[in-house]
>>> print(open('input37.cif').read())   # mmCIF, C-alpha atoms
data_target
#
loop_
_atom_site.label_atom_id
_atom_site.label_comp_id
_atom_site.auth_asym_id
_atom_site.auth_seq_id
_atom_site.Cartn_x
_atom_site.Cartn_y
_atom_site.Cartn_z
CA MET A 13 0.00 0.00 0.00
CA LYS A 14 1.38 3.39 -1.03
CA THR A 15 0.24 6.40 0.96
CA ILE A 16 0.67 10.15 1.15
CA LEU A 17 -0.80 12.80 3.42
CA TYR A 18 -3.28 15.36 2.12
CA LYS A 19 -4.15 17.98 4.74
CA ASN A 20 -2.90 15.55 7.41
CA THR A 21 -5.22 12.85 6.03
CA LYS A 22 -3.90 9.48 4.85
CA ILE A 23 -4.51 8.79 1.17
CA SER A 24 -3.93 5.37 -0.36
CA TYR A 25 -3.07 4.73 -4.01
CA SER A 26 -1.47 2.22 -6.35
CA ASP A 27 1.06 2.98 -9.09
CA SER A 28 2.13 0.53 -11.79
CA GLY A 29 3.54 0.46 -15.31
CA ILE A 30 5.42 3.08 -17.33
CA GLY A 31 4.41 5.49 -20.07
CA ASN A 32 1.66 8.11 -20.32
CA THR A 33 -0.36 8.20 -17.10
CA ILE A 34 -3.93 6.93 -16.69
CA VAL A 35 -5.62 7.87 -13.39
CA LEU A 36 -8.49 5.62 -12.31
CA LEU A 37 -11.09 7.06 -9.93
CA HIS A 38 -13.76 4.84 -8.35
CA GLY A 39 -17.34 5.76 -7.53
CA PHE A 40 -19.34 6.10 -4.31
CA LEU A 41 -19.06 3.01 -2.04
CA GLU A 42 -16.24 1.66 -4.21
CA ASN A 43 -12.46 1.78 -3.87
CA LYS A 44 -9.33 1.36 -6.01
CA LYS A 45 -9.63 -2.46 -5.88
CA MET A 46 -12.49 -2.23 -8.40
CA TRP A 47 -9.88 -1.31 -11.03
CA LEU A 48 -7.47 -4.21 -10.43
CA GLU A 49 -8.22 -6.10 -13.64
CA TYR A 50 -8.13 -2.86 -15.65
CA SER A 51 -4.90 -1.70 -13.98
CA ASN A 52 -3.20 -4.99 -14.82
CA LEU A 53 -4.23 -4.66 -18.47
CA PHE A 54 -3.51 -0.94 -18.92
CA SER A 55 -0.15 -1.06 -17.14
CA GLU A 56 1.23 -3.24 -19.95
CA LYS A 57 1.31 -0.05 -22.01
CA TYR A 58 0.75 2.88 -19.63
CA ARG A 59 1.53 4.10 -16.15
CA VAL A 60 -1.62 3.51 -14.11
CA VAL A 61 -2.45 5.29 -10.85
CA ALA A 62 -5.58 4.23 -8.92
CA ILE A 63 -6.56 6.34 -5.91
CA ASP A 64 -8.83 5.71 -2.92
CA LEU A 65 -10.93 8.87 -2.67
CA LEU A 66 -11.64 10.45 0.72
CA GLY A 67 -13.38 8.14 3.18
CA HIS A 68 -13.19 5.15 0.83
CA GLY A 69 -10.94 2.10 0.70
CA GLU A 70 -7.78 2.73 2.71
CA SER A 71 -8.02 6.52 2.58
CA ASP A 72 -9.18 8.34 5.71
CA CYS A 73 -11.98 10.86 6.09
CA LEU A 74 -11.10 14.54 5.88
CA GLY A 75 -14.22 15.91 7.55
CA TYR A 76 -17.99 15.77 7.46
CA VAL A 77 -18.33 17.01 3.88
CA HIS A 78 -16.07 15.65 1.15
CA LYS A 79 -16.43 18.17 -1.66
CA MET A 80 -15.49 17.12 -5.17
CA GLU A 81 -12.83 19.87 -5.05
CA ASP A 82 -11.33 18.21 -1.94
CA ASN A 83 -11.04 14.93 -3.83
CA ALA A 84 -9.57 16.76 -6.84
CA GLY A 85 -6.97 18.16 -4.43
CA VAL A 86 -6.21 14.59 -3.31
CA VAL A 87 -5.64 13.53 -6.93
CA ASN A 88 -3.35 16.51 -7.53
CA GLU A 89 -1.37 15.79 -4.35
CA VAL A 90 -0.73 12.20 -5.48
CA LEU A 91 0.36 13.40 -8.95
CA GLU A 92 2.67 16.04 -7.45
CA HIS A 93 4.19 13.39 -5.19
CA LEU A 94 4.82 11.17 -8.22
CA ASN A 95 6.09 14.05 -10.41
CA ILE A 96 3.38 13.42 -13.01
CA GLU A 97 2.47 16.43 -15.14
CA LYS A 98 -0.23 15.22 -17.57
CA VAL A 99 -2.94 12.59 -17.14
CA THR A 100 -5.93 10.91 -18.70
CA ILE A 101 -8.60 10.41 -16.05
CA VAL A 102 -11.20 7.64 -16.02
CA GLY A 103 -13.85 8.43 -13.41
CA HIS A 104 -16.71 6.09 -12.55
CA SER A 105 -19.83 7.90 -11.28
CA MET A 106 -18.58 10.02 -8.32
CA GLY A 107 -15.08 9.56 -9.73
CA GLY A 108 -16.29 11.37 -12.84
CA TYR A 109 -17.48 14.30 -10.72
CA VAL A 110 -14.00 14.40 -9.20
CA GLY A 111 -12.41 14.19 -12.66
CA LEU A 112 -14.42 17.22 -13.79
CA ALA A 113 -13.47 19.17 -10.66
CA PHE A 114 -9.83 18.27 -11.31
CA ALA A 115 -10.07 19.42 -14.94
CA GLU A 116 -11.52 22.74 -13.80
CA LEU A 117 -8.94 23.32 -11.06
CA TYR A 118 -5.88 21.98 -12.91
CA PRO A 119 -6.67 22.41 -16.64
CA GLU A 120 -3.00 22.26 -17.63
CA LYS A 121 -2.74 18.70 -16.25
CA ILE A 122 -5.65 17.07 -18.03
CA GLN A 123 -5.07 15.28 -21.31
CA LYS A 124 -8.31 13.34 -21.75
CA LEU A 125 -11.32 12.54 -19.55
CA VAL A 126 -13.62 9.53 -19.44
CA LEU A 127 -16.96 10.00 -17.69
CA LEU A 128 -17.99 6.42 -16.97
CA ASN A 129 -21.67 6.27 -15.91
CA SER A 130 -21.22 9.85 -14.75
CA THR A 131 -22.47 13.34 -15.55
CA SER A 132 -21.36 16.96 -15.61
CA LYS A 133 -24.83 18.04 -14.46
CA GLU A 134 -25.43 19.02 -10.85
CA ASP A 135 -27.99 17.17 -8.73
CA SER A 136 -31.62 18.01 -9.36
CA ALA A 137 -33.72 19.16 -6.39
CA GLU A 138 -35.21 15.66 -6.23
CA LYS A 139 -31.79 14.01 -6.23
CA LYS A 140 -30.56 16.31 -3.45
CA LEU A 141 -33.60 15.33 -1.41
CA ASN A 142 -32.86 11.65 -2.08
CA ARG A 143 -29.29 12.12 -0.83
CA THR A 144 -30.63 13.64 2.40
CA ARG A 145 -32.94 10.63 2.76
CA ALA A 146 -30.02 8.29 2.05
CA ILE A 147 -27.98 9.89 4.85
CA LYS A 148 -30.87 9.31 7.25
CA ALA A 149 -31.28 5.70 6.04
CA VAL A 150 -27.60 4.79 6.41
CA LYS A 151 -27.57 6.17 9.96
CA GLN A 152 -30.56 3.96 10.81
CA ASN A 153 -29.38 0.72 9.15
CA TYR A 154 -25.90 0.80 7.65
CA VAL A 155 -25.74 -2.78 6.32
CA ASN A 156 -29.20 -2.67 4.79
CA PHE A 157 -28.53 0.68 3.11
CA VAL A 158 -25.22 -0.44 1.56
CA SER A 159 -26.60 -3.80 0.37
CA LEU A 160 -29.61 -2.19 -1.32
CA ALA A 161 -27.56 0.67 -2.76
CA ILE A 162 -25.16 -1.73 -4.49
CA ALA A 163 -27.83 -4.08 -5.91
CA ASN A 164 -29.71 -1.06 -7.30
CA LEU A 165 -26.70 0.02 -9.40
CA PHE A 166 -27.10 -2.94 -11.77
CA SER A 167 -29.77 -3.28 -14.44
CA GLU A 168 -32.52 -5.64 -13.30
CA ASN A 169 -31.72 -8.35 -15.85
CA ASN A 170 -28.11 -8.52 -14.60
CA ARG A 171 -28.86 -8.94 -10.91
CA ILE A 172 -29.16 -12.73 -11.19
CA ARG A 173 -26.52 -13.21 -13.89
CA LEU A 174 -23.94 -11.21 -11.92
CA ALA A 175 -25.03 -12.26 -8.40
CA GLU A 176 -21.50 -13.38 -7.45
CA GLU A 177 -19.92 -10.13 -8.69
CA ILE A 178 -22.55 -8.08 -6.87
CA GLU A 179 -21.72 -9.85 -3.60
CA LYS A 180 -18.03 -8.97 -4.08
CA VAL A 181 -18.93 -5.32 -4.66
CA LYS A 182 -21.10 -5.35 -1.51
CA THR A 183 -18.24 -6.85 0.53
CA GLU A 184 -15.94 -3.99 -0.48
CA ALA A 185 -18.69 -1.38 -0.03
CA LEU A 186 -19.29 -2.54 3.54
CA LYS A 187 -15.71 -1.52 4.38
CA THR A 188 -16.65 2.13 3.75
CA PRO A 189 -16.99 3.93 7.10
CA LEU A 190 -20.26 5.65 7.97
CA GLN A 191 -18.54 9.04 8.02
CA GLY A 192 -17.15 8.41 4.53
CA ILE A 193 -20.62 7.60 3.20
CA ILE A 194 -22.24 10.67 4.74
CA ALA A 195 -19.41 13.05 3.80
CA SER A 196 -19.50 11.86 0.17
CA GLN A 197 -23.29 12.20 -0.07
CA GLU A 198 -23.03 15.73 1.33
CA GLY A 199 -20.25 16.54 -1.14
CA MET A 200 -22.13 15.20 -4.15
CA LYS A 201 -25.27 17.03 -3.06
CA ILE A 202 -23.53 20.44 -3.20
CA ARG A 203 -21.35 19.83 -6.26
CA LYS A 204 -21.57 22.49 -8.94
CA ASP A 205 -22.83 22.06 -12.49
CA ARG A 206 -19.90 21.60 -14.89
CA GLU A 207 -21.75 21.26 -18.21
CA GLU A 208 -20.00 24.43 -19.40
CA LEU A 209 -16.63 22.72 -18.98
CA VAL A 210 -17.76 19.92 -21.30
CA ARG A 211 -19.09 22.43 -23.84
CA LYS A 212 -15.76 24.26 -24.04
CA ASN A 213 -14.19 21.28 -25.86
CA LEU A 214 -10.83 21.96 -24.18
CA PHE A 215 -9.76 18.29 -24.21
CA PRO A 216 -11.13 14.99 -25.55
CA ILE A 217 -14.03 13.61 -23.48
CA LEU A 218 -15.57 10.15 -23.69
CA LEU A 219 -19.01 9.72 -22.11
CA ILE A 220 -20.02 6.12 -21.40
CA LEU A 221 -23.64 5.50 -20.40
CA GLY A 222 -25.93 2.58 -19.61
CA LYS A 223 -29.36 2.82 -21.22
CA LYS A 224 -30.91 1.03 -18.22
CA ASP A 225 -28.90 2.94 -15.61
CA PRO A 226 -31.11 3.13 -12.48
CA VAL A 227 -29.08 6.08 -11.16
CA LEU A 228 -28.58 8.36 -14.18
CA ASN A 229 -31.39 9.03 -16.63
CA TYR A 230 -30.02 8.08 -20.03
CA GLU A 231 -31.92 10.65 -22.13
CA GLU A 232 -31.09 13.49 -19.72
CA SER A 233 -27.44 12.51 -19.73
CA LEU A 234 -27.24 12.77 -23.53
CA SER A 235 -28.10 16.49 -23.50
CA GLN A 236 -24.81 17.46 -21.84
CA ILE A 237 -22.78 16.55 -24.93
CA GLU A 238 -25.06 18.06 -27.60
CA ASP A 239 -23.02 20.33 -29.92
CA THR A 240 -19.73 19.22 -28.35
CA THR A 241 -16.81 17.15 -29.62
CA ALA A 242 -17.33 14.59 -26.83
CA GLU A 243 -17.60 10.95 -27.89
CA LEU A 244 -20.47 8.77 -26.70
CA VAL A 245 -20.61 5.03 -26.02
CA SER A 246 -23.92 3.52 -24.90
CA PHE A 247 -24.41 0.09 -23.36
CA GLU A 248 -27.73 -1.71 -22.90
CA ASP A 249 -27.14 -2.22 -19.18
CA GLY A 250 -26.93 -0.35 -15.87
CA HIS A 251 -24.65 1.90 -13.82
CA MET A 252 -21.81 -0.60 -13.45
CA SER A 253 -20.39 -0.80 -16.98
CA GLN A 254 -16.99 -1.83 -15.59
CA ILE A 255 -18.65 -5.10 -14.50
CA GLU A 256 -21.75 -5.40 -16.70
CA ASN A 257 -19.83 -4.69 -19.92
CA LYS A 258 -16.29 -5.52 -18.84
CA GLU A 259 -14.66 -6.89 -22.01
CA ALA A 260 -16.20 -4.30 -24.34
CA LEU A 261 -15.21 -1.51 -21.95
CA LYS A 262 -11.57 -2.60 -21.86
CA THR A 263 -11.36 -2.34 -25.66
CA ILE A 264 -13.18 1.02 -25.76
CA LEU A 265 -10.90 2.55 -23.13
CA LEU A 266 -7.69 1.31 -24.75
CA ASP A 267 -8.84 2.79 -28.08
CA PHE A 268 -9.58 6.13 -26.42
CA PHE A 269 -6.18 6.22 -24.68
CA GLU A 270 -4.32 6.00 -28.01
#
>>> encode(input="input37.cif", output="structure tokens")
Amino acid sequence: MKTILYKNTKISYSDSGIGNTIVLLHGFLENKKMWLEYSNLFSEKYRVVAIDLLGHGESDCLGYVHKMEDNAGVVNEVLEHLNIEKVTIVGHSMGGYVGLAFAELYPEKIQKLVLLNSTSKEDSAEKKLNRTRAIKAVKQNYVNFVSLAIANLFSENNRIRLAEEIEKVKTEALKTPLQGIIASQEGMKIRKDREELVRKNLFPILLILGKKDPVLNYEESLSQIEDTTAELVSFEDGHMSQIENKEALKTILLDFFE
């Protein structure tokens, strides 16, 4: 385990391979272990850095609200420590929000960005309310909340087919401390809209969506890349393309990195 300190908070990351750098950022209730298979593949050709975001995996909590800008600061701190100047970021869900915040704060360091089951749009009023409800629910029954939250990320027709994988994801998710869950929900709830950043076409963006994503509305998500140079890949499944569409995703990402 490699660690650094960010604002006196322990941050865990992995670093493998040589070449241009790919940074892999996990989503809410996930950690850097979700990328292991991808890291092994990508590091044959690239340098791959996977980071545990605040309050997830082996990284500690910074406070009671983990803003996306805080997590972007974490990413920058790791890159500074490793003397890496330019990166391609792949961000799954919350990791995509962090990737966008990073691109806004450190535009000179971003080469390409992949928004994997993610969006540049801010939370709607309804979604903010749902996050507040989620915070209340996880305080009342942590295990039940996490188990339901993970199952609901997959499209319905994959929940039986991928039952074993889902259990593995739940096992990792249940290692996330209560404070980390609440702080991330609070941070996502107040994140700013970054559609304008996508529209500026400052760097190549790849948006990957699931048509049956229970978390992100597919049609709404499409609007953010209208009249932009961003590329779009759509799968017929849910929010967990890295599991539901694993082999196809590996090929798509390697093509985009070229």
>>> resolve_selection(input="input37.cif", expression="the PyMOL selection byres ((chain A and resi 42) around 12)", output="number ranges by chain")
A: 36-41, 43-47, 62-71, 103-107, 158, 161-162, 165, 178, 180-189, 192-193, 196, 252, 254
>>> residues_around(input="input37.cif", residues="A:Thr33", least_positions_apart="6", cutoff="12 Å", atoms="all atoms listed in the file", output="ChimeraX atom specification")
/A:27,51,54-62,91,94-102,121-124,269-270
>>> residues_around(input="input37.cif", residues="A:Ile220", least_positions_apart="2", cutoff="8 Å", atoms="only C-alpha atoms", output="PyMOL selection string")
chain A and resi 126-130+218+222+244-247
>>> closest_residue(input="input37.cif", among="A:Ser136, A:Thr131, A:Thr144, A:Gln191", to="A:Leu209", atoms="all atoms listed in the file")
A:Thr131
>>> residues_around(input="input37.cif", residues="A:Gly199", least_positions_apart="3", cutoff="6 Å", atoms="only C-alpha atoms", output="mmCIF file with C-alpha atoms, in the coordinates of the input")
data_model
loop_
_atom_site.group_PDB
_atom_site.id
_atom_site.type_symbol
_atom_site.label_atom_id
_atom_site.label_comp_id
_atom_site.auth_asym_id
_atom_site.auth_seq_id
_atom_site.Cartn_x
_atom_site.Cartn_y
_atom_site.Cartn_z
ATOM 1 C CA VAL A 77 -18.330 17.010 3.880
ATOM 2 C CA HIS A 78 -16.070 15.650 1.150
ATOM 3 C CA LYS A 79 -16.430 18.170 -1.660
ATOM 4 C CA SER A 196 -19.500 11.860 0.170
ATOM 5 C CA ILE A 202 -23.530 20.440 -3.200
#
>>> axis_aligned_box(input="input37.cif", around="stretch 225-242 of chain A", padding_each_side="5 Å", output="lines of an AutoDock Vina configuration file")
center_x = -24.4
center_y = 11.6
center_z = -20.5
size_x = 25.1
size_y = 27.4
size_z = 28.8
>>> residues_around(input="input37.cif", residues="A:Asn169", least_positions_apart="5", cutoff="12 Å", atoms="all atoms listed in the file", output="list in words")
Ala163, Asn164, Leu174, Ala175, Lys224, Asp225, Pro226, Glu248, Asp249, Gly250 and Glu256 of chain A
>>> atom_distance(input="input37.cif", atom1="atom CA of A:Lys201", atom2="atom CA of A:Asn142")
9.4 Å
>>> resolve_selection(input="input37.cif", expression="the PyMOL selection byres ((chain A and resi 215) around 9)", output="count of residues only")
12
>>> atom_distance(input="input37.cif", atom1="atom CA of A:Phe268", atom2="atom CA of A:Glu177")
26.2 Å
>>> resolve_selection(input="input37.cif", expression="the PyMOL selection byres ((chain A and resi 80-90) around 6)", output="number ranges by chain")
A: 79, 91-93, 110, 113-114
>>> atom_distance(input="input37.cif", atom1="atom CA of A:Glu208", atom2="atom CA of A:Glu231")
18.4 Å
>>> closest_residue(input="input37.cif", among="A:Asp239, A:Leu74, A:Val150, A:Ile30", to="A:Leu190", atoms="only C-alpha atoms")
A:Val150
